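Q: Take a look at this one; I'll ask things after.
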Amino acid sequence: MAETTKPESGSVEPRASASGDVSAKTADAPNSEYRGERDESIRAHARFLWLTLLASAAVIEYGLDHALGAFQAMVGFLKVFGYEDPRVPAGWNIAAGPQQIIASFMVLGAFIACFTTGPMSTYFSRRWSILIGVVLLVISVTIMIVTTSLGALYFSRLLMGYGNGLVMTFTMLYVSEMAPASQRGLSYGITSGWITTGMAIAMLIANATQGIESRLCYQIPLYVLYAMPVVSFASLPFMPESPRWLLLNGRDEEALKALTWIRNGAYDELALRAEFEEMRLNALRDLENESKWLVLDLFRGTNLRRTLLSVGVGLINPGTGAMFVLSFNTYFFRVLRISNPFKWSVLFQWIGVAGMFCAWYGLSKFGRRTLLIAGIIGCGSSMLFLGVVYSLSVSADGSAISAGVVFLLCWFNFWFNVGLAPTTYLVAGELPSQSLRAYTAGLSTGAGFVFAWLTNFTTPYFINPAELNWGGRYGYVWFGSTVVVLAFVYFCLPEVQGRSLEEIEEMFDLRLPARDFPSYVSQNMVIARQAAEKDLYGGEKPGAIHVEASTRV
C-alpha cells in the first residue's frame with residue numbers, strides 16, 4: 001500500500017480538457033506565469049549536469065564497442081577468426097557468416113534487453129538497473145579477451161548487447177526523469193556525446209594497434225573497456241534516485257528530497273513545490289488509470305499514439321543507414337582499397353565528435369523536429385551521392401573516388417551526430433506516459449535494435465567482395481529509406497521542446513494535433529501551482545489517499 005497526497009478532496013483532479021478555462025495561445029513560454037521563479041541557466045543547473053555526466057558515462061561502452069567493427073580489418077584478429085584470402089589487400093578475410101554474427105549478436109542482445117526493461121523497472125530503480133548492465137558488460141569483455149573460440153565470441157557478443165541494452169535504456173530514463181525541461185536537450189546531448197566520444201577513442205586505439213599481428217591488436221582495445229565501469233561503480237550508488245520513479249512507487253518524501261537536491265536552488269520554493277506537485281498528481285493519475293497488465297496499456301487509448309510515435313522515432317537511426325556506416329566504415333574503406341583505412345576511420349569518428357558539439361548548441365537553440373529534419377537530409381544526401389560517385393567510378397580517377405567516399409561518409413557522420421544521435425533518444429523518452437516510460441522506451445529502443453541487427457546481418461552480403469560486392473551502390477538503398485523517415489518526422493512528430501514530461505503527457509491525453517503542441521497552455525500546471533501555494537502559504541494541509549500497489553508485468 002503506497003500513501004500519497006492530493007490537493008483537495010477525495011478524488012484526483014481530472015486532466016485538463018480541450019475546452020477548459022485555460023485556452024491555448026501562442027507564446028515563447030506558454031506556462032511561464034505558472035512556474036514561479038526559476039533560473040534556467042546552465043550555471044544554475046550545474047549539479048544536475050554534473051550528475052548527467054557521471055550517470056551517463058556507462059554508455060561510452062556502447063561507443064567503444066564499435067571498435068570491434070574495426071577488428072574485422074585487423075590481421076591479428078583475422079588470423080584467429082578468419083582465413084587467408086588473396087582477393088583483399090591484407091591477404092586475410094573473414095567469412096560472411098561469422099562477420100554477420102559478430103556484428104549482429106550485440107544488437108540482438110540489446111534488443112532482448114529492451115523488452116525486459118519494463119518488468120525490471122518494477123523491482124529495480126533506474127540507478128541499480130544501470131549497474132546490473134555494467135556488470136554484464138565487464139563479464140562479456142573478459143570472455144572476448146580470453147577466448148579463441150567463435151562460439152564463445154558469439155556468446156560474449158550477445159551478453160554485451162544485453163548489457164548495453166540495459167545501460168542505454170535506463171540511462172536515458174534516469175537522465176530524462178531528473179532533467180528540468182530547459183536542460184533536457186543538453187543532458188541528452190551529453191549522454192549521446194559519451195557514445196560518439198567512445199567511438200572516436202576506440203578508433204584511435206585501434207589505429208595504434210592494428211599493425212600488431214598477434215591477438216594483442218584487438219585485446220588492447222578491449223582492455224580499455226574496463227576503465228569506465230570503475231566510474232559507474234564509484235558514482236551511481238551515491239546519486240539520488242529519479243524523483244518520478246520514487247513517486248510511482250509511493251515514496252513521496254524521498255522524491256521531494258531528491259528533487260530538491262537535484263535542483264540545488266535553481267528554483268524558488270514555490271517553483272520547486274509546483275514542479276513536485278505536477279509530478280505527483282501525474283503519477284497519481286497514471287497509477288489510477290493503469291491496468292494490471294501494463295504491457296497491454298501500450299496499445300490502448302492515447303497510449304497507442306505515443307507508442308507508435310516512440311517506435312517510429314526509434315527506427316530513425318537505423319532507417320538512415322547509420323549501422324552500416326558506423327559498424328563497417330573501416331572494413332568498407334579496406335574493401336574499396338582506400339589507403340590507410342584506419343587513419344581515415346579515425347578522421348571519420350572525430351568528425352562525429354565535432355558534430356556532437358554542434359548538437360549541444362542546436363538542442364538548446366532549435367526544436368527537436370528541426371534538428372531531426374536537418375540530420376535526415378544530411379544523412380540521406382550523403383547516401384545518395386555515395387551511390388552516384390561509386391557508379392561513376394569506372395570512368396573516373398581512382399584517387400578521386402576514394403576521396404569522395406571518405407568525404408561522404410564523414411559528411412554522414414557529422415549530420416548524424418548533429419541531428420539524429422542525441423535527438424532520437426531524447427524524443428523517444430519524452431513522449432511516453434510516466435507509468436509506461438520504461439516499457440515504451442524499451443520497445444522503441446528494441447525496435448531500433450531489430451532494424452540495426454538486420455542491417456548488420458545483411459550488410460556483409462552487399463559489400464563483401466566474396467558476395468554481391470556492391471560497394472558504394474549500397475548507398476542507394478539507404479537514400480530510399482531516408483525519404484520515408486523524413487516524411488514520418490515532418491507529418492507525424494509533434495514539437496515538445498521546453499515542455500515538462502507532465503505537460504507532454506497532458507497534451508497527448510487531450511489528443512491535440514501535432515501542430516497545436518507548441519502553443520498549448522497547460523491546465524495541470526495551474527492546478528499544481530495552486531496545490532503548492534496552499535501547501536506552502538495557507539489552508540489545511542492536503543489530505544491523503546491510498547493507491548494500491550499495482551502489479552507490473
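Ligands are numbered from 1 in the order shown, residues from 1 within each chain, and chains are lettered A, B, ... in the order they appear in the C-alpha cells.
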Near Glu502 (chain A), counting only C-alpha atoms, which residues have an atom at most 9 Å away, once you skip same-chain residues fewer than 6 positions from it, shown as a list of chain:residue names?
A: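 My list of contacting residues is A:Glu278, A:Met279, A:Asn282, A:Ser433, A:Gln434, A:Asn524, A:Met525.
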Q: Counting only C-alpha atoms, which residues of region 38-141 of chain A sit at most 8 Å from some atom of region 455-461 of chain A, and what is each one's closest atom pair with its distance in Å to one decimal, listed by chain and rising residue number, as a tab-separated table?
A:
```
residue	atom	partner	partner_atom	distance
A:Ala96	CA	A:Pro460	CA	5.9
A:Gln99	CA	A:Pro460	CA	7.1
A:Gln100	CA	A:Phe457	CA	4.7
A:Ile101	CA	A:Phe457	CA	7.0
A:Ala103	CA	A:Asn456	CA	5.7
A:Ser104	CA	A:Asn456	CA	5.2
```
Q: Could you save those same residues with N, CA and C atoms as a compact mmCIF listing (two decimals), in the first residue's frame?
A:
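Contents of out_1.txt, freshly written:
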```txt
# COMPACT_ATOMS: atom_id res chain seq x y z
N ALA A 96 31.43 -14.35 -44.46
CA ALA A 96 30.26 -13.51 -44.22
C ALA A 96 29.44 -13.99 -43.03
N GLN A 99 31.07 -12.94 -39.79
CA GLN A 99 31.01 -11.48 -39.82
C GLN A 99 29.61 -11.00 -39.45
N GLN A 100 28.60 -11.66 -39.95
CA GLN A 100 27.22 -11.30 -39.63
C GLN A 100 26.93 -11.50 -38.15
N ILE A 101 27.35 -12.65 -37.62
CA ILE A 101 27.01 -12.97 -36.23
C ILE A 101 27.74 -12.06 -35.26
N ALA A 103 28.77 -9.01 -35.73
CA ALA A 103 28.18 -7.68 -35.77
C ALA A 103 26.76 -7.65 -35.24
N SER A 104 25.98 -8.69 -35.53
CA SER A 104 24.55 -8.64 -35.25
C SER A 104 24.18 -9.16 -33.87
```
Q: Please report, as a list in words, each residue of region 24-171 of chain A to which DSSP assigns strand (DSSP E or B) when run on this structure's backbone.
A: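 Filtering region 24-171 of chain A to strand (DSSP E or B) leaves Arg38, Tyr83, Glu84, Trp92 and Asn93 of chain A.
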Q: Keeping only N, CA and C atoms, write the selected residues as a PDB file, in the first residue's frame.
A:
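Result went into again06.pdb, see below:
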```pdb
ATOM      1  N   ARG A  38      12.322  30.790 -11.606  1.00  0.00           N
ATOM      2  CA  ARG A  38      13.234  29.716 -11.998  1.00  0.00           C
ATOM      3  C   ARG A  38      14.430  30.304 -12.721  1.00  0.00           C
ATOM      4  N   TYR A  83      40.320 -16.247 -42.369  1.00  0.00           N
ATOM      5  CA  TYR A  83      41.031 -17.163 -43.260  1.00  0.00           C
ATOM      6  C   TYR A  83      41.835 -16.338 -44.261  1.00  0.00           C
ATOM      7  N   GLU A  84      42.834 -16.973 -44.875  1.00  0.00           N
ATOM      8  CA  GLU A  84      43.647 -16.291 -45.875  1.00  0.00           C
ATOM      9  C   GLU A  84      42.839 -16.098 -47.160  1.00  0.00           C
ATOM     10  N   TRP A  92      44.068 -11.405 -45.716  1.00  0.00           N
ATOM     11  CA  TRP A  92      43.203 -12.154 -44.798  1.00  0.00           C
ATOM     12  C   TRP A  92      41.789 -11.591 -44.880  1.00  0.00           C
ATOM     13  N   ASN A  93      40.801 -12.481 -44.750  1.00  0.00           N
ATOM     14  CA  ASN A  93      39.398 -12.066 -44.802  1.00  0.00           C
ATOM     15  C   ASN A  93      38.634 -12.841 -43.743  1.00  0.00           C
TER      16      ASN A  93
END
```
Q: Run DSSP on the backbone of this structure and report the residues of region 160-399 of chain A it assigns to alpha helix (DSSP H), as a ChimeraX atom specification.
A: /A:160-178,184-209,216-224,227-235,243-248,252-263,269-289,294-297,301-314,316-319,322-335,341-365,368-391,398-399
Q: Find the residues of region 290-370 of chain A that sit at most 12 Å from region 481-492 of chain A; for each, write down the nearest two atoms and how far apart they are in Å, to one decimal. Count only C-alpha atoms. Sort by chain, then by number going up, and give it as a tab-separated table.
A:
```
residue	atom	partner	partner_atom	distance
A:Arg305	CA	A:Cys492	CA	10.0
A:Arg306	CA	A:Cys492	CA	11.0
A:Leu308	CA	A:Cys492	CA	10.1
A:Leu309	CA	A:Cys492	CA	7.7
A:Ser310	CA	A:Cys492	CA	11.1
A:Val311	CA	A:Phe488	CA	11.5
A:Gly312	CA	A:Phe488	CA	7.8
A:Val313	CA	A:Val489	CA	8.1
A:Gly314	CA	A:Val485	CA	10.8
A:Leu315	CA	A:Val485	CA	8.2
A:Ile316	CA	A:Val485	CA	6.1
A:Asn317	CA	A:Val485	CA	9.2
A:Pro318	CA	A:Ser481	CA	9.4
A:Gly319	CA	A:Ser481	CA	5.8
A:Thr320	CA	A:Thr482	CA	5.1
A:Gly321	CA	A:Ser481	CA	8.2
A:Ala322	CA	A:Thr482	CA	10.7
A:Arg368	CA	A:Val489	CA	9.9
A:Arg369	CA	A:Val489	CA	7.0
A:Thr370	CA	A:Tyr490	CA	9.3
```
Q: Can I get the selected residues back with N, CA and C atoms, as a PDB file, in the first residue's frame?
A:
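For reference, out-v6.pdb as written:
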```pdb
ATOM      1  N   ARG A 305      -0.990   6.092 -29.631  1.00  0.00           N
ATOM      2  CA  ARG A 305      -0.315   7.115 -30.441  1.00  0.00           C
ATOM      3  C   ARG A 305       1.102   7.343 -29.933  1.00  0.00           C
ATOM      4  N   ARG A 306       1.251   7.412 -28.612  1.00  0.00           N
ATOM      5  CA  ARG A 306       2.585   7.628 -28.046  1.00  0.00           C
ATOM      6  C   ARG A 306       3.517   6.462 -28.363  1.00  0.00           C
ATOM      7  N   LEU A 308       3.326   4.332 -30.941  1.00  0.00           N
ATOM      8  CA  LEU A 308       3.678   4.318 -32.363  1.00  0.00           C
ATOM      9  C   LEU A 308       4.698   5.400 -32.696  1.00  0.00           C
ATOM     10  N   LEU A 309       4.529   6.587 -32.116  1.00  0.00           N
ATOM     11  CA  LEU A 309       5.494   7.659 -32.360  1.00  0.00           C
ATOM     12  C   LEU A 309       6.859   7.309 -31.788  1.00  0.00           C
ATOM     13  N   SER A 310       6.896   6.763 -30.577  1.00  0.00           N
ATOM     14  CA  SER A 310       8.175   6.417 -29.962  1.00  0.00           C
ATOM     15  C   SER A 310       8.897   5.335 -30.753  1.00  0.00           C
ATOM     16  N   VAL A 311       8.148   4.334 -31.202  1.00  0.00           N
ATOM     17  CA  VAL A 311       8.759   3.281 -32.015  1.00  0.00           C
ATOM     18  C   VAL A 311       9.242   3.859 -33.344  1.00  0.00           C
ATOM     19  N   GLY A 312       8.440   4.735 -33.949  1.00  0.00           N
ATOM     20  CA  GLY A 312       8.873   5.370 -35.194  1.00  0.00           C
ATOM     21  C   GLY A 312      10.152   6.163 -35.025  1.00  0.00           C
ATOM     22  N   VAL A 313      10.252   6.889 -33.924  1.00  0.00           N
ATOM     23  CA  VAL A 313      11.475   7.646 -33.643  1.00  0.00           C
ATOM     24  C   VAL A 313      12.655   6.699 -33.446  1.00  0.00           C
ATOM     25  N   GLY A 314      12.406   5.558 -32.788  1.00  0.00           N
ATOM     26  CA  GLY A 314      13.471   4.584 -32.589  1.00  0.00           C
ATOM     27  C   GLY A 314      13.997   3.983 -33.877  1.00  0.00           C
ATOM     28  N   LEU A 315      13.200   4.050 -34.947  1.00  0.00           N
ATOM     29  CA  LEU A 315      13.622   3.500 -36.238  1.00  0.00           C
ATOM     30  C   LEU A 315      14.343   4.518 -37.117  1.00  0.00           C
ATOM     31  N   ILE A 316      14.433   5.771 -36.660  1.00  0.00           N
ATOM     32  CA  ILE A 316      15.047   6.803 -37.499  1.00  0.00           C
ATOM     33  C   ILE A 316      16.516   6.501 -37.749  1.00  0.00           C
ATOM     34  N   ASN A 317      17.283   6.205 -36.709  1.00  0.00           N
ATOM     35  CA  ASN A 317      18.717   5.979 -36.897  1.00  0.00           C
ATOM     36  C   ASN A 317      19.023   4.804 -37.818  1.00  0.00           C
ATOM     37  N   PRO A 318      18.483   3.611 -37.543  1.00  0.00           N
ATOM     38  CA  PRO A 318      18.752   2.518 -38.496  1.00  0.00           C
ATOM     39  C   PRO A 318      18.136   2.773 -39.865  1.00  0.00           C
ATOM     40  N   GLY A 319      17.068   3.568 -39.921  1.00  0.00           N
ATOM     41  CA  GLY A 319      16.430   3.851 -41.202  1.00  0.00           C
ATOM     42  C   GLY A 319      17.239   4.732 -42.124  1.00  0.00           C
ATOM     43  N   THR A 320      18.236   5.426 -41.575  1.00  0.00           N
ATOM     44  CA  THR A 320      19.105   6.254 -42.405  1.00  0.00           C
ATOM     45  C   THR A 320      20.401   5.542 -42.807  1.00  0.00           C
ATOM     46  N   GLY A 321      20.574   4.291 -42.350  1.00  0.00           N
ATOM     47  CA  GLY A 321      21.786   3.546 -42.674  1.00  0.00           C
ATOM     48  C   GLY A 321      22.911   3.752 -41.693  1.00  0.00           C
ATOM     49  N   ALA A 322      22.593   4.228 -40.480  1.00  0.00           N
ATOM     50  CA  ALA A 322      23.641   4.556 -39.517  1.00  0.00           C
ATOM     51  C   ALA A 322      24.477   3.337 -39.132  1.00  0.00           C
ATOM     52  N   ARG A 368      13.210  20.055 -31.639  1.00  0.00           N
ATOM     53  CA  ARG A 368      13.548  18.660 -31.942  1.00  0.00           C
ATOM     54  C   ARG A 368      13.323  18.354 -33.426  1.00  0.00           C
ATOM     55  N   ARG A 369      12.189  18.770 -33.933  1.00  0.00           N
ATOM     56  CA  ARG A 369      11.861  18.479 -35.334  1.00  0.00           C
ATOM     57  C   ARG A 369      12.874  19.094 -36.287  1.00  0.00           C
ATOM     58  N   THR A 370      13.311  20.316 -36.005  1.00  0.00           N
ATOM     59  CA  THR A 370      14.271  20.994 -36.889  1.00  0.00           C
ATOM     60  C   THR A 370      15.574  20.210 -36.975  1.00  0.00           C
TER      61      THR A 370
END
```
Q: Return the single residue from A:Asn340, A:Ser402, A:Ser192, A:Gln210 that is closest to Val353 (chain A), with distances computed using only C-alpha atoms.
A: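 When distances to Val353 (chain A) are compared using only C-alpha atoms, the smallest one comes from A:Ser192.
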Q: Give me, as a ChimeraX atom specification, all polymer residues having an atom no more than 6 Å from region 416-431 of chain A, counting only C-alpha atoms and skipping those fewer than 3 positions away in the same chain.
A: /A:188-189,192,306,310,313,352,355-356,358-359,371-372,375,412-413,441
Q: Can you pull out every residue within 8 Å of region 144-152 of chain A, counting only C-alpha atoms, but drop anything in the same chain fewer than 6 positions away, and send it as a PyMOL selection string?
A: chain A and resi 80-81+98+219+222-223
Q: Rank A:Glu277, A:Glu40, A:Glu290, A:Asp297 by their smallest atom-to-atom distance to Thr440 (chain A), using only C-alpha atoms, and report the top residue only.
A: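 Checking each candidate against Thr440 (chain A), we get A:Asp297 as the closest.
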Q: May I have the residues within 7 Å of region 158-168 of chain A as a ChimeraX atom specification, using only C-alpha atoms and disregarding those fewer than 2 positions away in the same chain?
A: /A:58-59,62,105-114,117,129-130,133-134,136-137,140,154-156,170-172
Q: Okay, now the selection with C-alpha atoms, as a PDB file, in the first residue's frame?
A:
```pdb
ATOM      1  CA  ALA A  58      28.461   3.994 -18.748  1.00  0.00           C
ATOM      2  CA  VAL A  59      27.083   4.420 -22.294  1.00  0.00           C
ATOM      3  CA  TYR A  62      28.458   1.181 -26.485  1.00  0.00           C
ATOM      4  CA  PHE A 105      24.620 -10.592 -31.980  1.00  0.00           C
ATOM      5  CA  MET A 106      25.479  -7.493 -29.981  1.00  0.00           C
ATOM      6  CA  VAL A 107      22.448  -5.786 -31.490  1.00  0.00           C
ATOM      7  CA  LEU A 108      20.311  -8.895 -30.914  1.00  0.00           C
ATOM      8  CA  GLY A 109      21.312  -8.946 -27.234  1.00  0.00           C
ATOM      9  CA  ALA A 110      20.410  -5.286 -26.886  1.00  0.00           C
ATOM     10  CA  PHE A 111      17.049  -5.989 -28.499  1.00  0.00           C
ATOM     11  CA  ILE A 112      16.324  -8.742 -25.972  1.00  0.00           C
ATOM     12  CA  ALA A 113      17.327  -6.421 -23.122  1.00  0.00           C
ATOM     13  CA  CYS A 114      14.950  -3.708 -24.233  1.00  0.00           C
ATOM     14  CA  THR A 117      13.284  -3.079 -19.076  1.00  0.00           C
ATOM     15  CA  SER A 129      19.408  -1.260 -13.375  1.00  0.00           C
ATOM     16  CA  ILE A 130      22.285   0.661 -14.981  1.00  0.00           C
ATOM     17  CA  GLY A 133      24.045  -3.728 -17.140  1.00  0.00           C
ATOM     18  CA  VAL A 134      27.593  -2.572 -16.354  1.00  0.00           C
ATOM     19  CA  LEU A 136      27.236  -7.821 -17.605  1.00  0.00           C
ATOM     20  CA  LEU A 137      29.475  -5.669 -19.805  1.00  0.00           C
ATOM     21  CA  SER A 140      31.367 -10.065 -21.703  1.00  0.00           C
ATOM     22  CA  TYR A 154      29.300 -15.147 -30.251  1.00  0.00           C
ATOM     23  CA  PHE A 155      28.025 -15.635 -26.677  1.00  0.00           C
ATOM     24  CA  SER A 156      30.089 -12.706 -25.400  1.00  0.00           C
ATOM     25  CA  PHE A 170      17.919   3.003 -18.169  1.00  0.00           C
ATOM     26  CA  THR A 171      20.491   5.772 -18.529  1.00  0.00           C
ATOM     27  CA  MET A 172      18.185   7.647 -20.889  1.00  0.00           C
TER      28      MET A 172
END
```
Q: So, counting only C-alpha atoms, which residue among A:Gly448, A:Leu304, A:Trp350, A:Phe324 is closest to Pro432 (chain A)?
A: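 Using only C-alpha atoms, the shortest distance to Pro432 (chain A) belongs to A:Leu304.
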Q: Can you tell me, as a ChimeraX atom specification, what residues are no more than 12 Å from Pro119 (chain A) when counting only C-alpha atoms, ignoring any on the same chain fewer than 3 positions away?
A: /A:113-116,122-125,129,293-295,435-440,442,551-553
Q: Nearest to Phe517 (chain A) among A:Arg215, A:Arg126, A:Arg263, A:Arg499, with distances taken over only C-alpha atoms: which residue is it?
A: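 Answer, going by the shortest atom-to-atom distance: A:Arg499.
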